[in-house]
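Engineer: I am sharing protein-v5.txt, which consists of compact mmCIF, C-alpha atoms:
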# COMPACT_ATOMS: atom_id res chain seq x y z
CA MET A 202 61.67 34.52 76.63
CA ALA A 203 60.52 35.26 80.15
CA THR A 204 56.90 34.82 79.04
CA LEU A 205 57.64 31.48 77.39
CA ALA A 206 59.31 30.18 80.52
CA ARG A 207 56.50 31.24 82.84
CA ALA A 208 54.51 28.45 84.45
CA TRP A 209 50.74 28.25 84.12
CA ARG A 210 48.17 26.96 86.53
CA VAL A 211 45.19 24.77 85.81
CA VAL A 212 42.38 25.89 88.11
CA PHE A 213 39.47 23.54 88.71
CA LEU A 214 36.27 25.53 89.38
CA ASN A 215 33.32 24.50 91.48
CA ASP A 216 29.85 23.95 90.10
CA SER A 217 26.65 22.96 91.81
CA VAL A 218 25.53 20.23 89.44
CA ASN A 219 28.28 17.65 89.18
CA ARG A 220 28.20 14.67 91.49
CA MET A 221 31.18 14.70 93.83
CA SER A 222 32.00 11.11 92.87
CA TYR A 223 32.00 12.18 89.22
CA ALA A 224 34.39 15.09 89.84
CA VAL A 225 36.70 12.85 91.88
CA MET A 226 36.72 10.22 89.15
CA VAL A 227 37.59 12.79 86.46
CA LEU A 228 40.35 14.40 88.55
CA ARG A 229 41.89 10.99 89.23
CA ARG A 230 41.69 10.05 85.62
CA VAL A 231 43.03 13.28 84.12
CA PHE A 232 45.79 14.03 86.65
CA GLY A 233 46.55 10.57 88.02
CA PHE A 234 45.64 11.65 91.56
CA ASN A 235 44.91 9.05 94.17
CA GLU A 236 41.48 9.08 95.81
CA GLU A 237 42.64 11.26 98.71
CA GLN A 238 44.29 13.89 96.50
CA ALA A 239 41.31 14.06 94.20
CA ARG A 240 38.91 14.45 97.13
CA HIS A 241 41.08 17.21 98.57
CA HIS A 242 40.89 19.23 95.34
CA MET A 243 37.19 18.55 94.95
CA MET A 244 36.47 19.73 98.51
CA GLU A 245 38.71 22.77 98.10
CA ALA A 246 36.79 23.79 94.98
CA HIS A 247 33.50 23.05 96.71
CA GLU A 248 34.37 25.22 99.71
CA HIS A 249 36.40 27.98 98.08
CA GLY A 250 35.11 27.97 94.52
CA ARG A 251 38.44 26.92 92.98
CA SER A 252 41.40 24.62 93.39
CA ILE A 253 44.76 24.73 91.66
CA VAL A 254 45.22 21.22 90.36
CA TRP A 255 48.36 21.54 88.29
CA ALA A 256 51.13 24.00 87.38
CA GLY A 257 53.78 23.82 84.72
CA ALA A 258 54.41 24.37 81.05
CA ARG A 259 51.63 26.16 79.24
CA GLU A 260 51.19 23.52 76.55
CA ASN A 261 50.59 20.83 79.16
CA ALA A 262 48.34 23.12 81.18
CA GLU A 263 46.21 23.71 78.10
CA ALA A 264 45.94 19.99 77.49
CA TYR A 265 44.83 19.37 81.08
CA ALA A 266 42.28 22.18 80.96
CA TYR A 267 40.91 20.82 77.70
CA SER A 268 40.59 17.35 79.24
CA LEU A 269 38.58 18.75 82.16
CA GLN A 270 36.35 20.68 79.76
CA SER A 271 35.74 17.57 77.69
CA TRP A 272 34.34 15.91 80.84
CA HIS A 273 32.24 19.06 81.42
CA LEU A 274 34.11 20.18 84.49
CA ARG A 275 34.87 23.89 84.60
CA ALA A 276 38.51 24.85 84.40
CA MET A 277 40.59 27.88 83.60
CA LEU A 278 44.23 28.71 83.03
CA GLU A 279 46.11 31.45 84.80
CA PRO A 280 49.75 32.44 84.90
CA ASP A 281 51.61 31.25 87.96
CA GLU A 282 52.85 34.53 89.39
CA THR A 283 55.14 32.71 91.79
CA SER A 284 57.21 31.19 88.99
CA MET B 225 34.10 -6.88 79.03
CA LYS B 226 31.67 -5.88 81.72
CA ARG B 227 28.06 -5.21 80.87
CA VAL B 228 25.23 -3.99 83.08
CA ASP B 229 21.68 -4.41 81.85
CA VAL B 230 19.17 -1.95 83.27
CA ARG B 231 15.50 -2.70 82.88
CA LEU B 232 13.29 0.39 82.75
CA ASN B 233 9.60 1.08 82.99
CA LEU B 234 8.81 2.18 79.45
CA THR B 235 5.63 4.04 80.38
CA ALA B 236 7.51 6.12 82.95
CA VAL B 237 10.61 6.65 80.87
CA ALA B 238 9.15 7.50 77.44
CA PRO B 239 8.08 11.08 78.31
CA VAL B 240 11.40 11.63 80.10
CA LEU B 241 13.25 10.59 76.96
CA ASP B 242 11.18 12.99 74.85
CA PHE B 243 12.19 15.81 77.16
CA ILE B 244 15.86 14.80 77.17
CA LYS B 245 15.91 14.57 73.38
CA ARG B 246 14.63 18.14 73.10
CA VAL B 247 17.36 19.31 75.47
CA ALA B 248 20.01 17.41 73.48
CA ASP B 249 18.79 19.00 70.24
CA GLY B 250 19.53 22.39 71.76
CA LEU B 251 23.15 21.47 72.38
CA ARG B 252 24.27 21.09 68.79
CA SER B 253 25.89 24.51 68.55
CA GLU B 254 26.42 25.63 72.11
CA LEU B 255 28.80 24.56 74.87
CA VAL B 256 27.11 23.61 78.10
CA THR B 257 30.13 24.25 80.32
CA PRO B 258 31.31 27.86 80.53
CA PHE B 259 34.54 27.96 78.59
CA GLU B 260 37.39 29.97 80.10
CA PRO B 261 40.56 29.41 78.10
CA ALA B 262 43.71 31.44 78.27
CA PRO B 263 42.79 34.91 77.01
CA ASP B 264 45.53 35.47 74.48
CA ASP B 265 45.05 32.69 71.97
CA PRO B 266 41.85 33.18 69.93
CA GLU B 267 42.76 30.53 67.36
CA LEU B 268 43.20 27.86 70.01
CA THR B 269 39.97 29.00 71.65
CA ARG B 270 38.10 28.62 68.36
CA ILE B 271 39.50 25.14 67.70
CA TRP B 272 38.77 23.96 71.23
CA ARG B 273 35.27 25.30 71.12
CA GLU B 274 34.50 23.53 67.84
CA GLU B 275 35.98 20.26 69.07
CA LEU B 276 34.13 20.41 72.38
CA ILE B 277 30.80 21.11 70.67
CA ALA B 278 31.38 18.17 68.32
CA SER B 279 32.28 16.00 71.31
CA GLN B 280 29.07 17.03 73.10
CA ALA B 281 27.03 16.04 70.07
CA ARG B 282 28.74 12.63 69.82
CA ASP B 283 28.16 11.96 73.53
CA CYS B 284 24.46 12.88 73.27
CA GLU B 285 24.10 10.67 70.22
CA GLU B 286 25.61 7.73 72.10
CA PHE B 287 23.29 8.35 75.05
CA LEU B 288 20.17 8.56 72.91
CA GLY B 289 21.36 5.49 71.02
CA LEU B 290 20.73 3.48 74.20
CA PHE B 291 17.04 4.07 73.63
CA GLY B 292 16.66 2.75 70.11
CA SER B 293 14.30 0.14 68.73
CA GLU B 294 15.90 -2.63 70.81
CA PHE B 295 15.13 -0.76 74.00
CA PHE B 296 11.49 -0.32 73.01
CA ALA B 297 11.31 -4.08 72.34
CA THR B 298 13.08 -5.23 75.50
CA ASN B 299 12.81 -2.23 77.89
CA VAL B 300 16.48 -2.82 78.68
CA ILE B 301 19.45 -0.54 78.16
CA GLN B 302 22.91 -2.05 78.04
CA LEU B 303 25.81 -0.23 79.67
CA SER B 304 29.23 -1.61 78.91
CA ASP B 305 32.88 -0.62 78.78
CA GLU B 306 32.25 0.39 75.19
CA ASN B 307 29.66 3.08 75.88
CA ILE B 308 29.90 4.18 79.51
CA GLU B 309 32.27 7.10 78.95
CA PRO B 310 30.18 8.98 76.39
CA VAL B 311 26.97 8.04 78.22
CA LEU B 312 28.40 9.35 81.50
CA ARG B 313 29.55 12.59 79.90
CA ALA B 314 26.22 13.02 78.10
CA SER B 315 24.28 12.43 81.33
CA ASN B 316 26.42 15.09 82.94
CA LEU B 317 26.08 17.74 80.28
CA LEU B 318 22.34 17.15 79.91
CA ARG B 319 21.90 17.54 83.67
CA MET B 320 23.88 20.77 83.60
CA ARG B 321 21.79 22.17 80.77
CA ILE B 322 18.51 21.14 82.43
CA ARG B 323 19.60 22.70 85.72
CA VAL B 324 20.46 26.03 84.12
CA GLN B 325 17.65 26.18 81.59
CA PHE B 326 14.67 24.88 83.55
CA LEU B 327 15.43 24.58 87.27
CA GLU B 328 17.18 27.82 88.09
CA ARG B 329 14.64 28.94 90.69
CA ILE B 330 15.20 25.80 92.78
CA SER B 331 17.95 26.22 95.35
CA ASP B 332 21.12 24.13 95.31
CA ASP B 333 20.23 22.81 98.76
CA ASP B 334 16.84 21.55 97.62
CA MET B 335 18.38 20.00 94.51
CA GLU B 336 21.09 18.26 96.52
CA SER B 337 18.73 16.95 99.17
CA GLU B 338 16.18 15.91 96.53
CA THR B 339 13.42 17.46 98.60
CA VAL B 340 11.70 19.20 95.71
CA ASP B 341 7.91 18.79 95.75
CA LEU B 342 6.82 18.01 92.19
CA GLU B 343 3.33 19.36 92.86
CA GLU B 344 4.76 22.80 93.55
CA LEU B 345 6.45 22.96 90.17
CA GLU B 346 5.07 24.11 86.87
CA GLN B 347 4.68 21.30 84.33
CA THR B 348 7.87 22.08 82.40
CA GLU B 349 9.83 22.32 85.64
CA ALA B 350 8.40 19.02 86.85
CA ASP B 351 9.34 17.34 83.55
CA ALA B 352 12.82 18.84 83.82
CA TYR B 353 13.25 17.72 87.41
CA VAL B 354 12.25 14.13 86.63
CA ALA B 355 14.66 14.13 83.67
CA PHE B 356 17.39 15.53 85.93
CA LEU B 357 16.84 12.73 88.46
CA PHE B 358 16.75 10.09 85.74
CA LEU B 359 20.09 11.25 84.34
CA ASP B 360 21.49 11.35 87.86
CA GLN B 361 20.52 7.70 88.34
CA VAL B 362 22.20 6.73 85.07
CA GLN B 363 25.39 8.41 86.29
CA LYS B 364 25.11 6.77 89.68
CA ILE B 365 24.76 3.29 88.17
CA ILE B 366 27.80 3.81 85.94
CA LEU B 367 29.97 5.21 88.73
CA GLU B 368 29.00 2.40 91.08
CA HIS B 369 29.44 -0.46 88.66
CA PHE B 370 32.41 0.54 86.54
CA ASP B 371 35.91 1.66 87.43
CA LEU B 372 36.60 4.47 85.01
CA VAL B 373 39.95 5.33 86.59
CA ASN B 374 41.62 1.97 86.11
CA GLY B 375 39.37 0.74 83.36
CA SER B 376 38.28 -2.45 85.09
CA ALA B 377 34.94 -3.72 86.27
CA VAL B 378 33.71 -3.27 89.81
CA GLY B 379 31.51 -5.83 91.54
CA ALA B 380 28.95 -8.03 89.86
CA GLU B 381 25.68 -7.34 91.60
CA SER B 382 22.44 -6.55 89.81
CA THR B 383 21.05 -3.03 89.54
CA THR B 384 17.67 -1.89 90.78
CA GLU B 385 17.95 1.86 90.86
CA GLY B 386 16.01 4.96 89.87
CA GLU B 387 13.56 4.30 87.10
CA SER B 388 14.94 0.80 86.63
CA GLU B 389 12.96 -2.27 87.52
CA GLY B 390 15.89 -4.60 87.92
CA GLY B 391 18.69 -5.95 85.79
CA GLY B 392 21.92 -7.82 85.93
CA ASP B 393 25.54 -7.88 85.04
CA ASP B 394 27.12 -9.96 82.37
CA GLU B 395 30.86 -10.21 82.62
CA ASP B 396 32.61 -11.62 79.59
Output the file's structure as structure tokens, nothing else.
Structural biologist:
Amino acid sequence: MATLARAWRVVFLNDSVNRMSYAVMVLRRVFGFNEEQARHHMMEAHEHGRSIVWAGARENAEAYAYSLQSWHLRAMLEPDETS
Amino acid sequence: MKRVDVRLNLTAVAPVLDFIKRVADGLRSELVTPFEPAPDDPELTRIWREELIASQARDCEEFLGLFGSEFFATNVIQLSDENIEPVLRASNLLRMRIRVQFLERISDDDMESETVDLEELEQTEADAYVAFLFLDQVQKIILEHFDLVNGSAVGAESTTEGESEGGGDDED
């Protein structure tokens, strides 16, 4: 049961091809971020290679990661060790 | 419904389209974006992979559909609320594939600053680079003229970008 209750993170990964405006648009659209939040995550990924954009139930995390993939943005899931 | 007409120079664009079509043909069974799902669910991974590959193919089909017989008669492509999402995604995935497959030896800095000298490239690289820039312009036009977050139109000015020779908006 502990595994089922564990939270998962959606990690947005940097790539060198996507336009920044494209990444911001997709992040806003998928997660409902405002412009500032989306830019923050985009810049964090750009500078550090990754940005945690969401954490919560695994099923939802999978759906978010799939949405990012369908827009050809790189994403991965990882367990949230803090939960 | 918003519509943006983009007039293109057919002589310049035709060889670019041939190149892009060959790239698209190579994406029928392979994902362009590295896929990193949760490691413990192979069945979900398989289903996702199949769906994403099918989605890639649909997006590329929609993109190439812009350049059908009507385009060769009018030299105009029509971007509208009905096709911008798949066209935008297709432009993105085709750029990613071109970057990885043909332009790997060019640095990210040179790509970003668009300071690549075509004369220093081999022919295939030059073709790839022009296709990459063309797709970039298509993306830029869509992102500037359409609001994909809220689903409403932005502005109403005409477009004169990239390979285009002019054009105009038609808001219904």
Engineer: Using all atoms listed in the file, I'd like a table of the residues in range 203-284 of chain A that come within 12 Å of range 316-322 of chain B; for each, show the closest atom pair and its distance in Å rounded to one decimal, ordered by chain and ascending number, as CSV.
Structural biologist:
residue,atom,partner,partner_atom,distance
A:Asp216,CA,B:Met320,CA,9.4
A:Ser217,CA,B:Met320,CA,8.9
A:Val218,CA,B:Met320,CA,6.1
A:Asn219,CA,B:Asn316,CA,7.0
A:Arg220,CA,B:Asn316,CA,8.7
A:Met221,CA,B:Asn316,CA,11.9
A:Tyr223,CA,B:Asn316,CA,8.9
A:Ala224,CA,B:Asn316,CA,10.5
A:Val227,CA,B:Asn316,CA,11.9
A:Gln270,CA,B:Leu317,CA,10.7
A:Ser271,CA,B:Leu317,CA,10.0
A:Trp272,CA,B:Asn316,CA,8.2
A:His273,CA,B:Leu317,CA,6.4
A:Leu274,CA,B:Asn316,CA,9.4
A:Arg275,CA,B:Met320,CA,11.5
Engineer: Return as a PyMOL selection string the residues belonging to chain A that are within 12 Å of chain B, counting all atoms listed in the file.
Structural biologist: chain A and resi 209-236+239+259-260+262-280
Engineer: CA of Phe287 in chain B and CA of Ser253 in chain B, how far apart in Å?
Structural biologist: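 These two atoms are separated by 17.6 Å.
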Engineer: Hey, which of B:Arg231, B:Asp242, B:Ala248, B:Ser304 ends up closest to His369 in chain B? Count all atoms listed in the file.
Structural biologist: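 Result for the nearest residue to His369 in chain B: B:Ser304.
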Engineer: Skip Ala208 in chain A itself and residues of its chain fewer than 4 positions away, then list as a PyMOL selection string all residues within 7 Å of it, counting only C-alpha atoms.
Structural biologist: chain A and resi 256-259+280-281+284
Engineer: Write range 257-268 of chain A as a PDB file, keeping the file's coordinate frame, completed to all heavy atoms.
Structural biologist:
ATOM      1  N   GLY A 257      52.636  24.229  85.527  1.00  0.00           N
ATOM      2  CA  GLY A 257      53.780  23.820  84.720  1.00  0.00           C
ATOM      3  C   GLY A 257      53.726  24.466  83.353  1.00  0.00           C
ATOM      4  O   GLY A 257      53.137  25.549  83.189  1.00  0.00           O
ATOM      5  N   ALA A 258      54.304  23.802  82.391  1.00  0.00           N
ATOM      6  CA  ALA A 258      54.410  24.370  81.050  1.00  0.00           C
ATOM      7  C   ALA A 258      53.029  24.645  80.461  1.00  0.00           C
ATOM      8  O   ALA A 258      52.090  23.868  80.660  1.00  0.00           O
ATOM      9  CB  ALA A 258      55.158  23.408  80.140  1.00  0.00           C
ATOM     10  N   ARG A 259      52.934  25.738  79.738  1.00  0.00           N
ATOM     11  CA  ARG A 259      51.630  26.160  79.240  1.00  0.00           C
ATOM     12  C   ARG A 259      50.976  25.108  78.345  1.00  0.00           C
ATOM     13  O   ARG A 259      49.770  24.865  78.440  1.00  0.00           O
ATOM     14  CB  ARG A 259      51.777  27.475  78.465  1.00  0.00           C
ATOM     15  CG  ARG A 259      50.469  27.879  77.819  1.00  0.00           C
ATOM     16  CD  ARG A 259      50.410  29.302  77.408  1.00  0.00           C
ATOM     17  NE  ARG A 259      49.123  29.566  76.773  1.00  0.00           N
ATOM     18  CZ  ARG A 259      48.651  30.766  76.558  1.00  0.00           C
ATOM     19  NH1 ARG A 259      49.320  31.810  76.926  1.00  0.00           N
ATOM     20  NH2 ARG A 259      47.475  30.933  75.979  1.00  0.00           N
ATOM     21  N   GLU A 260      51.764  24.502  77.473  1.00  0.00           N
ATOM     22  CA  GLU A 260      51.190  23.520  76.550  1.00  0.00           C
ATOM     23  C   GLU A 260      50.516  22.376  77.313  1.00  0.00           C
ATOM     24  O   GLU A 260      49.413  21.936  76.977  1.00  0.00           O
ATOM     25  CB  GLU A 260      52.297  22.972  75.649  1.00  0.00           C
ATOM     26  CG  GLU A 260      51.777  22.167  74.487  1.00  0.00           C
ATOM     27  CD  GLU A 260      52.906  21.749  73.553  1.00  0.00           C
ATOM     28  OE1 GLU A 260      53.738  22.607  73.200  1.00  0.00           O
ATOM     29  OE2 GLU A 260      52.961  20.560  73.208  1.00  0.00           O
ATOM     30  N   ASN A 261      51.182  21.914  78.357  1.00  0.00           N
ATOM     31  CA  ASN A 261      50.590  20.830  79.160  1.00  0.00           C
ATOM     32  C   ASN A 261      49.365  21.333  79.929  1.00  0.00           C
ATOM     33  O   ASN A 261      48.366  20.621  80.056  1.00  0.00           O
ATOM     34  CB  ASN A 261      51.616  20.287  80.152  1.00  0.00           C
ATOM     35  CG  ASN A 261      52.768  19.596  79.457  1.00  0.00           C
ATOM     36  OD1 ASN A 261      52.684  19.283  78.281  1.00  0.00           O
ATOM     37  ND2 ASN A 261      53.853  19.387  80.176  1.00  0.00           N
ATOM     38  N   ALA A 262      49.473  22.556  80.439  1.00  0.00           N
ATOM     39  CA  ALA A 262      48.340  23.120  81.180  1.00  0.00           C
ATOM     40  C   ALA A 262      47.110  23.223  80.282  1.00  0.00           C
ATOM     41  O   ALA A 262      45.990  22.916  80.701  1.00  0.00           O
ATOM     42  CB  ALA A 262      48.712  24.498  81.744  1.00  0.00           C
ATOM     43  N   GLU A 263      47.334  23.626  79.041  1.00  0.00           N
ATOM     44  CA  GLU A 263      46.210  23.710  78.100  1.00  0.00           C
ATOM     45  C   GLU A 263      45.594  22.337  77.859  1.00  0.00           C
ATOM     46  O   GLU A 263      44.370  22.196  77.802  1.00  0.00           O
ATOM     47  CB  GLU A 263      46.703  24.308  76.774  1.00  0.00           C
ATOM     48  CG  GLU A 263      46.990  25.797  76.859  1.00  0.00           C
ATOM     49  CD  GLU A 263      47.585  26.350  75.563  1.00  0.00           C
ATOM     50  OE1 GLU A 263      48.052  25.558  74.723  1.00  0.00           O
ATOM     51  OE2 GLU A 263      47.580  27.582  75.410  1.00  0.00           O
ATOM     52  N   ALA A 264      46.444  21.341  77.729  1.00  0.00           N
ATOM     53  CA  ALA A 264      45.940  19.990  77.490  1.00  0.00           C
ATOM     54  C   ALA A 264      45.108  19.490  78.680  1.00  0.00           C
ATOM     55  O   ALA A 264      44.041  18.885  78.507  1.00  0.00           O
ATOM     56  CB  ALA A 264      47.092  19.031  77.215  1.00  0.00           C
ATOM     57  N   TYR A 265      45.591  19.777  79.888  1.00  0.00           N
ATOM     58  CA  TYR A 265      44.830  19.370  81.080  1.00  0.00           C
ATOM     59  C   TYR A 265      43.485  20.103  81.163  1.00  0.00           C
ATOM     60  O   TYR A 265      42.449  19.504  81.470  1.00  0.00           O
ATOM     61  CB  TYR A 265      45.640  19.634  82.344  1.00  0.00           C
ATOM     62  CG  TYR A 265      46.706  18.606  82.638  1.00  0.00           C
ATOM     63  CD1 TYR A 265      48.012  18.984  82.887  1.00  0.00           C
ATOM     64  CD2 TYR A 265      46.392  17.244  82.692  1.00  0.00           C
ATOM     65  CE1 TYR A 265      48.998  18.040  83.165  1.00  0.00           C
ATOM     66  CE2 TYR A 265      47.371  16.307  82.968  1.00  0.00           C
ATOM     67  CZ  TYR A 265      48.668  16.708  83.198  1.00  0.00           C
ATOM     68  OH  TYR A 265      49.627  15.765  83.479  1.00  0.00           O
ATOM     69  N   ALA A 266      43.523  21.401  80.901  1.00  0.00           N
ATOM     70  CA  ALA A 266      42.280  22.180  80.960  1.00  0.00           C
ATOM     71  C   ALA A 266      41.280  21.670  79.926  1.00  0.00           C
ATOM     72  O   ALA A 266      40.078  21.559  80.191  1.00  0.00           O
ATOM     73  CB  ALA A 266      42.566  23.660  80.755  1.00  0.00           C
ATOM     74  N   TYR A 267      41.792  21.344  78.753  1.00  0.00           N
ATOM     75  CA  TYR A 267      40.910  20.820  77.700  1.00  0.00           C
ATOM     76  C   TYR A 267      40.292  19.489  78.147  1.00  0.00           C
ATOM     77  O   TYR A 267      39.105  19.239  77.933  1.00  0.00           O
ATOM     78  CB  TYR A 267      41.693  20.641  76.397  1.00  0.00           C
ATOM     79  CG  TYR A 267      40.840  20.127  75.269  1.00  0.00           C
ATOM     80  CD1 TYR A 267      40.105  21.012  74.491  1.00  0.00           C
ATOM     81  CD2 TYR A 267      40.735  18.763  75.005  1.00  0.00           C
ATOM     82  CE1 TYR A 267      39.292  20.541  73.465  1.00  0.00           C
ATOM     83  CE2 TYR A 267      39.930  18.282  74.001  1.00  0.00           C
ATOM     84  CZ  TYR A 267      39.211  19.176  73.224  1.00  0.00           C
ATOM     85  OH  TYR A 267      38.406  18.703  72.224  1.00  0.00           O
ATOM     86  N   SER A 268      41.104  18.644  78.767  1.00  0.00           N
ATOM     87  CA  SER A 268      40.590  17.350  79.240  1.00  0.00           C
ATOM     88  C   SER A 268      39.453  17.541  80.247  1.00  0.00           C
ATOM     89  O   SER A 268      38.427  16.865  80.184  1.00  0.00           O
ATOM     90  CB  SER A 268      41.698  16.525  79.886  1.00  0.00           C
ATOM     91  OG  SER A 268      42.650  16.156  78.937  1.00  0.00           O
TER      92      SER A 268
END
